[in-house]
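Structure, as structure tokens:
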Protein chains: 2
Amino acid sequence: MKTSLGARPLLYPTPVLIVATYDAQHKPNAMAVAWGGICCSKPPCVAISVREATYTYGNLVERQAFTVNIPSVDQLKEADYFGIASGRDTDKFAVTGLTAVASDLVEAPYIGEFPLALECRVVHVAELGLHTLFVGEILDVKIDETCLDAAGRPSTDLIKPFSWTPGDNQYYGMGEKLGKGFSVGKVLKGSDE
Amino acid sequence: MKTSLGARPLLYPTPVLIVATYDAQHKPNAMAVAWGGICCSKPPCVAISVREATYTYGNLVERQAFTVNIPSVDQLKEADYFGIASGRDTDKFAVTGLTAVASDLVEAPYIGEFPLALECRVVHVAELGLHTLFVGEILDVKIDETCLDAAGRPSTDLIKPFSWTPGDNQYYGMGEKLGKGFSVGKVLKGSDE
């Protein structure tokens, strides 16, 4: 039996995306974004939603470029900090001691120490209300070499990403492996044939 | 040291969103969507990206409405099946035995047995390439009463959601609780004041 919670932004789980940009003075900034994810396979695109009040918003409009950085569980404190402080009055890279590496593809920095970075140029913008949605075409994905498995493929076990749940405002590590996509449901497809 | 993986849709983790719609004959359909997530807090909105080739795409264009249903780990097989079969030649609700409950707010069904349902009307569409992004305003969130904690709040432990990683095509349960958002990073903010 279902009950109504009213209209609210609730979904389980969200990724934790650290969006990095340059301001007009080329000062790097980074903020934590939970409202976002891949939104197209070809060309590969990622969507991020940002409030107009943030320092990142101005940087996105000015530079039309950003990177999405995936932190590992070892970088939880830094990732959360990026969601607390504002780049308007803080140099978040200086505070965290993380390295802003200039992308060679877009006018944005990526975070040297984080395992994964998506380098993006803005291709679509939609003002939705409190948040504005920016779609970035992913021009390249850069991964730390230590996060590749023996076959040279990205390894979730080595990246050690984490997620967030807006319902209770909690960070979670990755849990038990439950099965393969496009596979565990085949037993039902069989019953239909 | 980072190495290039090329331009590809890679990010850790994604949610597993089951998008339910009606077709022109009012037949309910559901498909699994990993490219999606919340995209605005006020009004609350969710973005889903769907290929034009899917049966759901036509339903979305026709009805301008959908629900996003969050499955629990106990419904992994059904969730994966929704991503394998096509509603064009299958009645996925009949095959899974799940119940399509008519929303009283939008022209779309939600899945009776799944813990959480977001009822949405389409407010923005962007053709990005292989995928089209649909933004839905969330008009209500309905939750199974068994997924509320003693204080009446949605409980991640009771919902038991799961996530997916496109890198290795793997479903994961929720893991260890790592800390609270807007909290674990305060130790760094302190060092800045």
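Every chain in the structure tokens takes a letter, A first, then B, and so on in the order presented; its residues are numbered from 1, and the ligands are numbered from 1 following the presented order.
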
*Do you know which residues are at most 8 Å from range 79-82 of chain A counting only C-alpha atoms, after dropping those on the same chain fewer than 2 positions away, and could you put them as a PyMOL selection string?*
(chain A and resi 16+18+30-32+71+75-77+84-86+92) or (chain B and resi 181-186+188-189)

*Name the residues in contact with Glu52 in chain B at a cut-off of 7 Å, using only C-alpha atoms, excluding same-chain residues fewer than 3 positions from it; report them as a PyMOL selection string.*
chain B and resi 57+131-132

Deliver the residues from the most recent selection as a file, using all heavy atoms, as a compact mmCIF listing (two decimals), in the first residue's frame.
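As a result, out12.txt now contains:
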# COMPACT_ATOMS: atom_id res chain seq x y z
N TYR B 57 9.75 5.69 -26.02
CA TYR B 57 9.91 7.02 -26.63
C TYR B 57 8.59 7.51 -27.22
O TYR B 57 8.15 8.64 -26.97
CB TYR B 57 11.00 6.96 -27.70
CG TYR B 57 11.21 8.27 -28.44
CD1 TYR B 57 12.16 9.19 -28.00
CD2 TYR B 57 10.45 8.60 -29.56
CE1 TYR B 57 12.34 10.39 -28.66
CE2 TYR B 57 10.63 9.80 -30.23
CZ TYR B 57 11.58 10.69 -29.77
OH TYR B 57 11.75 11.89 -30.43
N HIS B 131 20.36 9.46 -27.82
CA HIS B 131 19.35 9.59 -26.77
C HIS B 131 18.66 10.95 -26.80
O HIS B 131 19.28 11.96 -27.15
CB HIS B 131 19.98 9.38 -25.39
CG HIS B 131 20.32 7.96 -25.09
ND1 HIS B 131 21.47 7.37 -25.55
CD2 HIS B 131 19.66 7.00 -24.39
CE1 HIS B 131 21.51 6.10 -25.14
NE2 HIS B 131 20.42 5.85 -24.44
N THR B 132 17.39 10.94 -26.42
CA THR B 132 16.64 12.18 -26.20
C THR B 132 16.40 12.31 -24.70
O THR B 132 16.01 11.34 -24.04
CB THR B 132 15.29 12.14 -26.94
OG1 THR B 132 15.56 12.01 -28.34
CG2 THR B 132 14.49 13.41 -26.69

*Skipping near chain neighbours, those fewer than 2 positions away, what residues fall within 7 Å of range 166-176 of chain A using only C-alpha atoms, listed as a list in words?*
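My list of contacting residues is Leu10, Pro161, Phe162, Ser163, Trp164 and Leu178 of chain A; Pro154, Tyr172, Gly173, Met174, Gly175, Glu176, Lys177, Leu178, Gly179, Lys180 and Gly181 of chain B.
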
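Excluding Gly36 in chain B and any residue on its chain fewer than 5 positions from it, the residues at most 7 Å away by only C-alpha atoms are Gly37, Ile38 and Cys39 of chain A; Ala47, Ile48 and Ser49 of chain B.
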
*Using only C-alpha atoms, which of A:Thr90, A:Thr21, A:Thr99, A:Asn29 sits nearest chain B?*
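Of the candidates, the smallest distance to chain B is held by A:Thr90.
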
*Can you list every residue in range 72-179 of chain B that DSSP puts in strand (DSSP E), as a PyMOL selection string?*
chain B and resi 100-102+109-111+116-127+131-144+162-165+170-179

*asked:* Report, in Å to a single decimal, how far apart CA of Val50 in chain A and CA of Arg153 in chain B are.
replied: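 Atom-to-atom, CA of Arg153 in chain B and CA of Val50 in chain A are spaced 26.4 Å apart.
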
*Can you work out which one of A:Ala100, A:Val141, A:Ala53, A:Cys147 has the shortest atom-to-atom distance to chain B, counting only C-alpha atoms?*
A:Val141

*Which residue gives the smallest distance to chain B among A:Gln64, A:Thr54, A:Ser4, A:Asn69, with only C-alpha atoms counted?*
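Checking each candidate against chain B, we get A:Ser4 as the closest.
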
Identify, with DSSP run on backbone atoms, the residues in range 71-183 of chain B assigned to alpha helix (DSSP H), and express the list as a short mmCIF file (atom, residue, chain, number, x, y, z; two decimals) with C-alpha atoms, in the first residue's frame.
data_model
loop_
_atom_site.label_atom_id
_atom_site.label_comp_id
_atom_site.auth_asym_id
_atom_site.auth_seq_id
_atom_site.Cartn_x
_atom_site.Cartn_y
_atom_site.Cartn_z
CA LEU B 76 16.49 -7.10 -9.53
CA LYS B 77 15.40 -9.74 -12.07
CA GLU B 78 12.28 -7.79 -13.03
CA ALA B 79 14.24 -4.51 -13.28
CA ASP B 80 16.83 -6.10 -15.56
CA TYR B 81 14.11 -7.75 -17.66
CA PHE B 82 12.55 -4.32 -18.26
CA LYS B 92 6.15 -6.76 -19.75
CA PHE B 93 3.69 -6.36 -16.89
CA ALA B 94 2.02 -9.67 -17.83
CA VAL B 95 5.39 -11.44 -18.06
CA THR B 96 6.67 -10.12 -14.71
CA THR B 156 17.10 3.57 2.47
CA ASP B 157 17.53 0.40 4.56
CA LEU B 158 13.88 -0.52 3.95
CA ILE B 159 13.72 0.59 0.29
#

*asked:* When you count only C-alpha atoms, which of these residues is closest to chain A: B:Pro28, B:Pro109, B:Gly58, B:Gly129?
replied: B:Gly129

*Point out the residue among B:Glu127, B:Cys40, B:Phe114, B:Asp23 with the least atom-to-atom distance to chain A, counting only C-alpha atoms.*
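The closest residue to chain A is B:Cys40.
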
*Quick one: distance from CA of Pro13 in chain A to CA of Pro15 in chain B in Å, one decimal?*
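Interatomic distance here is 5.6 Å.
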
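Among the candidates B:Ile70, B:Ala7, B:Glu113, B:His124, the residue lying nearest to Asp140 in chain A is B:Ala7 (atoms considered: only C-alpha atoms).
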
*Give me, please, the distance in Å between CA of Val101 in chain A and CA of Phe66 in chain A, quoted to one decimal.*
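So the two atoms, CA of Val101 in chain A and CA of Phe66 in chain A, lie 12.3 Å apart.
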
*Which residues come within 7 Å of Leu130 in chain A, counting only C-alpha atoms, excluding same-chain residues fewer than 3 positions away, as a PyMOL selection string?*
(chain A and resi 51) or (chain B and resi 40-42)

*Might you pull out every residue within 12 Å of Gly6 in chain B, with only C-alpha atoms counted and same-chain residues fewer than 3 positions away left off, and present them as a PyMOL selection string?*
(chain A and resi 43-44+105+117-119+138-143) or (chain B and resi 3+9-10)

Set the distance at 8 Å and use only C-alpha atoms: which residues neighbour Arg63 in chain B once local chain neighbours fewer than 2 positions away are removed? I'd like the list as an mmCIF file with N, CA, C and O atoms, in the first residue's frame.
data_model
loop_
_atom_site.group_PDB
_atom_site.id
_atom_site.type_symbol
_atom_site.label_atom_id
_atom_site.label_comp_id
_atom_site.auth_asym_id
_atom_site.auth_seq_id
_atom_site.Cartn_x
_atom_site.Cartn_y
_atom_site.Cartn_z
ATOM 1 N N THR B 21 5.077 3.910 -18.729
ATOM 2 C CA THR B 21 4.258 4.757 -19.606
ATOM 3 C C THR B 21 3.063 3.943 -20.112
ATOM 4 O O THR B 21 3.047 2.720 -20.014
ATOM 5 N N TYR B 22 2.095 4.651 -20.694
ATOM 6 C CA TYR B 22 1.010 4.015 -21.441
ATOM 7 C C TYR B 22 1.241 4.230 -22.927
ATOM 8 O O TYR B 22 1.692 5.311 -23.334
ATOM 9 N N ASP B 23 0.868 3.237 -23.751
ATOM 10 C CA ASP B 23 0.889 3.469 -25.196
ATOM 11 C C ASP B 23 -0.475 4.006 -25.643
ATOM 12 O O ASP B 23 -1.357 4.286 -24.805
ATOM 13 N N ASN B 59 5.615 6.523 -26.493
ATOM 14 C CA ASN B 59 4.645 6.743 -25.416
ATOM 15 C C ASN B 59 4.868 8.096 -24.734
ATOM 16 O O ASN B 59 3.916 8.804 -24.395
ATOM 17 N N LEU B 60 6.135 8.445 -24.532
ATOM 18 C CA LEU B 60 6.469 9.719 -23.884
ATOM 19 C C LEU B 60 6.013 10.894 -24.736
ATOM 20 O O LEU B 60 5.441 11.870 -24.230
ATOM 21 N N VAL B 61 6.257 10.795 -26.042
ATOM 22 C CA VAL B 61 5.881 11.876 -26.952
ATOM 23 C C VAL B 61 4.353 12.010 -26.993
ATOM 24 O O VAL B 61 3.799 13.109 -26.964
ATOM 25 N N ALA B 65 3.911 12.135 -20.329
ATOM 26 C CA ALA B 65 3.862 11.761 -18.913
ATOM 27 C C ALA B 65 4.591 10.439 -18.710
ATOM 28 O O ALA B 65 4.681 9.625 -19.624
ATOM 29 N N PHE B 66 5.117 10.248 -17.511
ATOM 30 C CA PHE B 66 5.774 8.984 -17.163
ATOM 31 C C PHE B 66 5.902 8.893 -15.645
ATOM 32 O O PHE B 66 5.722 9.890 -14.936
ATOM 33 N N GLU B 107 -0.973 10.761 -16.932
ATOM 34 C CA GLU B 107 -1.396 9.645 -17.785
ATOM 35 C C GLU B 107 -0.269 8.626 -17.904
ATOM 36 O O GLU B 107 0.323 8.457 -18.977
ATOM 37 N N ALA B 108 0.007 7.965 -16.816
ATOM 38 C CA ALA B 108 1.058 6.944 -16.784
ATOM 39 C C ALA B 108 0.773 6.008 -15.614
ATOM 40 O O ALA B 108 0.158 6.414 -14.620
#
